[in-house]
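Asker: Below you'll find the structure I mean.
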Amino acid sequence: MIIKSKNIALFFFLMLFILSGCETPMMLLNHNPEVIIKKKLDNSINENDFQKKIFVLRMVNDLSKAPTGAYLNDHYFFVNPVNQTYLLSQPGFVLFEKIADALKKQNAIVYRQYNQQEINSDLKYHACIVTLSVKDMEVHLWERKKEGTFYLAKAHALLSIHLPSGEHISSEDSVSAKVNESDDVFDVLANKFCDIIKTKI
Amino acid sequence: MKKILFYKILLIITFSLLFFACTRADKTGNMLHSFKNIDIKKFQYPLNCKIEVKSVIDRRSEFERKGVSQKKYHTFIPLLLLFMWTSAGPIYTDIDSYDYDFIGSLDKIIIDTIKKSNLSSNNESRKYVLQPELLHFYSVSYEKGVYAFGAGGMAETHNYFPTGYVCIKLSLFNEKTPTQKQVRYITNAFLFNPSAKKLSINHTAMTGIVESEKNKVAVALISLEKALKSLPNVVDEMLAEEKLGKSVGIKPKTFMIVRLTKEYDFQEEMIIDYDTGLVISDTIVPRTTAIISKPNEWVVPPYSESGHWLSSKDYGYYIDILKLKYKVKYKDNITCANFYGIK
């Protein structure tokens with residue numbers, strides 16, 4: 001009898017090992033909050049001074065894939081995969097507006113452009129033309145027992161900067177942020193892009 | 001005894017056949033046939049050119065084309081009852097659920113959409129080629145379940161609201177100068193919304209495989225429908241500088257101002273009588289044109305009453321006419337001018 005129950009227990013544990021060893025589920029395609037969750041909470045913003053420099057901030061594409069984000073919590077035995085997805089229709093455009101606002105706050109003169117039409121020669125030869133093409137974005141809301149509720153976000157964008165001197169710089173950059181529920185995660189992302197712009201001009 | 005066994009087997013076979021028929025019901029039809037009836041906004045007159053639409057190039061990744069999904073994850077815990085937790089996702093909908101000849105059908109739909117919109121004439125002397133490339137088209141969902149087995153058993157499964165996404169790259173070039181291409185992307189993401197047409201919260205609540213599958217297919221199709229509605233406007237904007245339409249010459253009887261809503265999905269359109277300044281109509285409509293301003297900013301859109309996108313020169317002229325009577329000026333948006341009311 002003892003041998004039999006031992007065998008049954010062994011069988012169950014063997015099953016447990018085999019079946020729990022199956023592939024771990026991805027949280028979202030290209031969107032794995034586990035990568036960002038390791039970050040520390042940080043809403044600090046660098047105060048750059050752009051000294052009245054003129055910028056034309058041009059938005060080309062918002063190719064952020066769906067779903068934009070996930071509402072997650074780990075109140076239960078293990079993290080729920082996606083409890084409820086929530087969607088921002090144009091997260092890339094939200095980021096674009098926030099970058100324009102952040103540049104203005106940092107003492108820059110900013111003109112926004114939403115298409116690829118030629119700009120007048122006055123601006124063309126006196127402004128830094130920053131072209132933004134958002135390749136992907138993710139925004140998550142995560143509830144944790146210990147840390148409370150916070151936002152996680154990541155943006156991957158192609159930045160192309162045309163300086164008045166004629167120099168052309170282009171790069172692909174990724175920024176991420178983890179902030180409390182009360183803070184605006186887009187503000188933090190936008191300021192990180194401002195830092196990138198500052199280092200390039 | 002044999003009779004009972006026979007009837008049992010017969011019953012199982014009947015139910016299996018019924019289940020198979022139900023699950024295949026949506027897959028055998030041409031789900032894109034409903035697109036023939038989509039409401040496309042018409043331009044008042046066609047542009048003086050011909051647009052030849054090339055066959056769609058399929059650039060979707062393999063998992064989107066074949067509907068490959070993440071395998072299920074199981075955890076067994078052998079207590080008094082045998083507990084099993086499962087979670088799966090992202091689950092991509094089987095591509096056959098939409099249409100067996102998806103790319104072929106999409107080709108026809110894009111040609112139909114351009115024709116219906118009255119965007120172009122058949123002027124062979126000015127021929128443009130439109131090359132669409134399908135970068136993404138999918139519906140994605142997630143599942144979670146808890147099962148307990150003992151003498152009896154219980155099961156609780158959740159199918160989370162699916163999301164649809166489509167991304168089409170459009171390249172437009174003049175047949176005579178094929179190297180000078182203009183490129184635009186049209187994208188649309190749609191999260192399952194119980195209040196939307198063709199969808200029902202009951203379908204998901206019932207957790208029936210057929211209903212759940214229907215919803216998954218529907219969200220992707222809604223995304224595609226929304227993207228296609230904006231297609232003629234996007235192509236029209238690409239042709240704006242080619243001077244194919246009528247120029248703005250006389251003062252307009254009416255003009256339009258628009259304001260984007262916070263979600264970017266809708267816009268408020270106000271038509272104003274030029275002479276009196278009276279508001280003729282004020283409506284909120286789904287946005288089918290490109291984004292031209294930030295939300296809640298009243299702007300004069302760069303398209304005329306006919307619906308065609310104006311060239312930058314014509315738009316400048318149009319703004320000059322409006323400036324005679326109204327407070328219209330460029331602030332920090334160089335795509336279009338802001339509107340501040342009567343002078």
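Following the order of the structure tokens, chains are lettered A, B, ..., residues in each are numbered from 1, and ligands are numbered from 1.
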Leaving out A:Ile36 and any residue of its chain fewer than 3 positions from it, which residues lie within 9 Å of it when counting only C-alpha atoms, given as a list in words?

Answerer: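 Skipping anything fewer than 3 positions along the chain leaves Asn32, Pro33, Lys39, Lys40, Leu152, Ala153, Lys154, Ser176, Ala177 and Lys178 of chain A.
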
Asker: With N, CA and C atoms retained, write the just-selected residues as a CSV table (one decimal), in the first residue's frame.

Answerer:
chain,number,residue,atom,x,y,z
A,32,ASN,N,7.5,42.8,-23.2
A,32,ASN,CA,7.7,41.9,-22.0
A,32,ASN,C,8.0,42.8,-20.8
A,33,PRO,N,7.0,43.1,-20.0
A,33,PRO,CA,7.2,44.0,-18.9
A,33,PRO,C,8.2,43.6,-17.9
A,39,LYS,N,13.7,47.8,-13.4
A,39,LYS,CA,14.1,49.2,-13.2
A,39,LYS,C,13.7,49.7,-11.9
A,40,LYS,N,14.4,50.7,-11.4
A,40,LYS,CA,14.0,51.4,-10.1
A,40,LYS,C,13.0,52.5,-10.4
A,152,LEU,N,4.7,51.3,-16.3
A,152,LEU,CA,6.0,51.0,-17.0
A,152,LEU,C,5.8,51.4,-18.4
A,153,ALA,N,6.8,51.9,-19.0
A,153,ALA,CA,6.7,52.3,-20.4
A,153,ALA,C,8.1,52.2,-21.1
A,154,LYS,N,8.0,52.0,-22.4
A,154,LYS,CA,9.2,51.9,-23.2
A,154,LYS,C,8.9,52.4,-24.6
A,176,SER,N,13.2,53.9,-21.5
A,176,SER,CA,12.1,53.3,-20.7
A,176,SER,C,12.0,54.0,-19.4
A,177,ALA,N,10.9,53.8,-18.8
A,177,ALA,CA,10.6,54.5,-17.5
A,177,ALA,C,9.7,53.6,-16.6
A,178,LYS,N,9.9,53.8,-15.3
A,178,LYS,CA,9.0,53.2,-14.3
A,178,LYS,C,8.6,54.3,-13.3

Asker: Could you list, as JSON, numbers by chain, every residue within 10 Å of A:Val185, counting only C-alpha atoms and ignoring same-chain residues fewer than 3 positions away?

Answerer: {"A": [42, 43, 95, 139, 140, 150, 151, 152, 153, 154, 176, 177, 178, 179, 180, 181, 182, 188, 189, 190]}

Asker: What is the distance, in Å and to one decimal place, between atom CA of A:Gly92 and atom CA of B:Ile222?

Answerer: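 Computed distance, atom CA of A:Gly92 to atom CA of B:Ile222, equals 21.1 Å.
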
Asker: Could you check the closest approach to chain B for each of A:Lys146, A:Lys192, A:Lys38, A:Lys104 and tell me which residue wins, using only C-alpha atoms?

Answerer: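 Distance minimum relative to chain B lands on A:Lys104.
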
Asker: Name the closest residue to A:Ile119 among the candidates B:Lys323, B:Lys127, B:Arg287, B:Lys313; distances are taken between atoms, counting only C-alpha atoms.

Answerer: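 Under the stated criterion, the closest residue is B:Lys313.
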
Asker: Counting only C-alpha atoms, which of A:Gln51, A:Ser64, A:Gln106, A:Asn7 gets nearest to A:Cys194?

Answerer: A:Gln106

Asker: Which of these residues is nearest to chain B, using only C-alpha atoms: A:Ser174, A:Thr131, A:Ser165, A:Asn115?

Answerer: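 Between A:Ser174, A:Thr131, A:Ser165, A:Asn115, the residue approaching chain B most closely is A:Asn115.
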
Asker: Go ahead and compute the interatomic distance for atom CA of B:Lys294 and atom CA of B:Glu269, in Å to one decimal.

Answerer: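 We find that atom CA of B:Lys294 and atom CA of B:Glu269 lie 14.7 Å from each other.
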
Asker: When you look at A:Lys53 with a cut-off of 12 Å (counting only C-alpha atoms), what residues show up, excluding the ones that are within fewer than 5 positions of it in the same chain? I need them as a list in words.

Answerer: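 The neighbour list is Asn48, Leu103, Lys104, Gln106, Asn107, Ala108, Ile109, Val110, Tyr111, Leu123, His126, Ala127, Cys128, Ile129, Leu163, Pro164, Ile197, Lys198 and Ile201 of chain A.
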
Asker: Quick one: residues within 9 Å of B:Pro46, only C-alpha atoms, excluding same-chain residues fewer than 6 positions away - as a PyMOL selection string?

Answerer: chain B and resi 117-121+244-245+308

Asker: Restricting the calculation to only C-alpha atoms: of B:Tyr100, B:Tyr317, B:Tyr330, B:Tyr45, which residue gets closest to chain A?

Answerer: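 Answer, going by the shortest atom-to-atom distance: B:Tyr330.
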
Asker: Hey, can you check how far atom CA of B:Thr261 sits from atom CA of A:Phe96?

Answerer: 16.1 Å
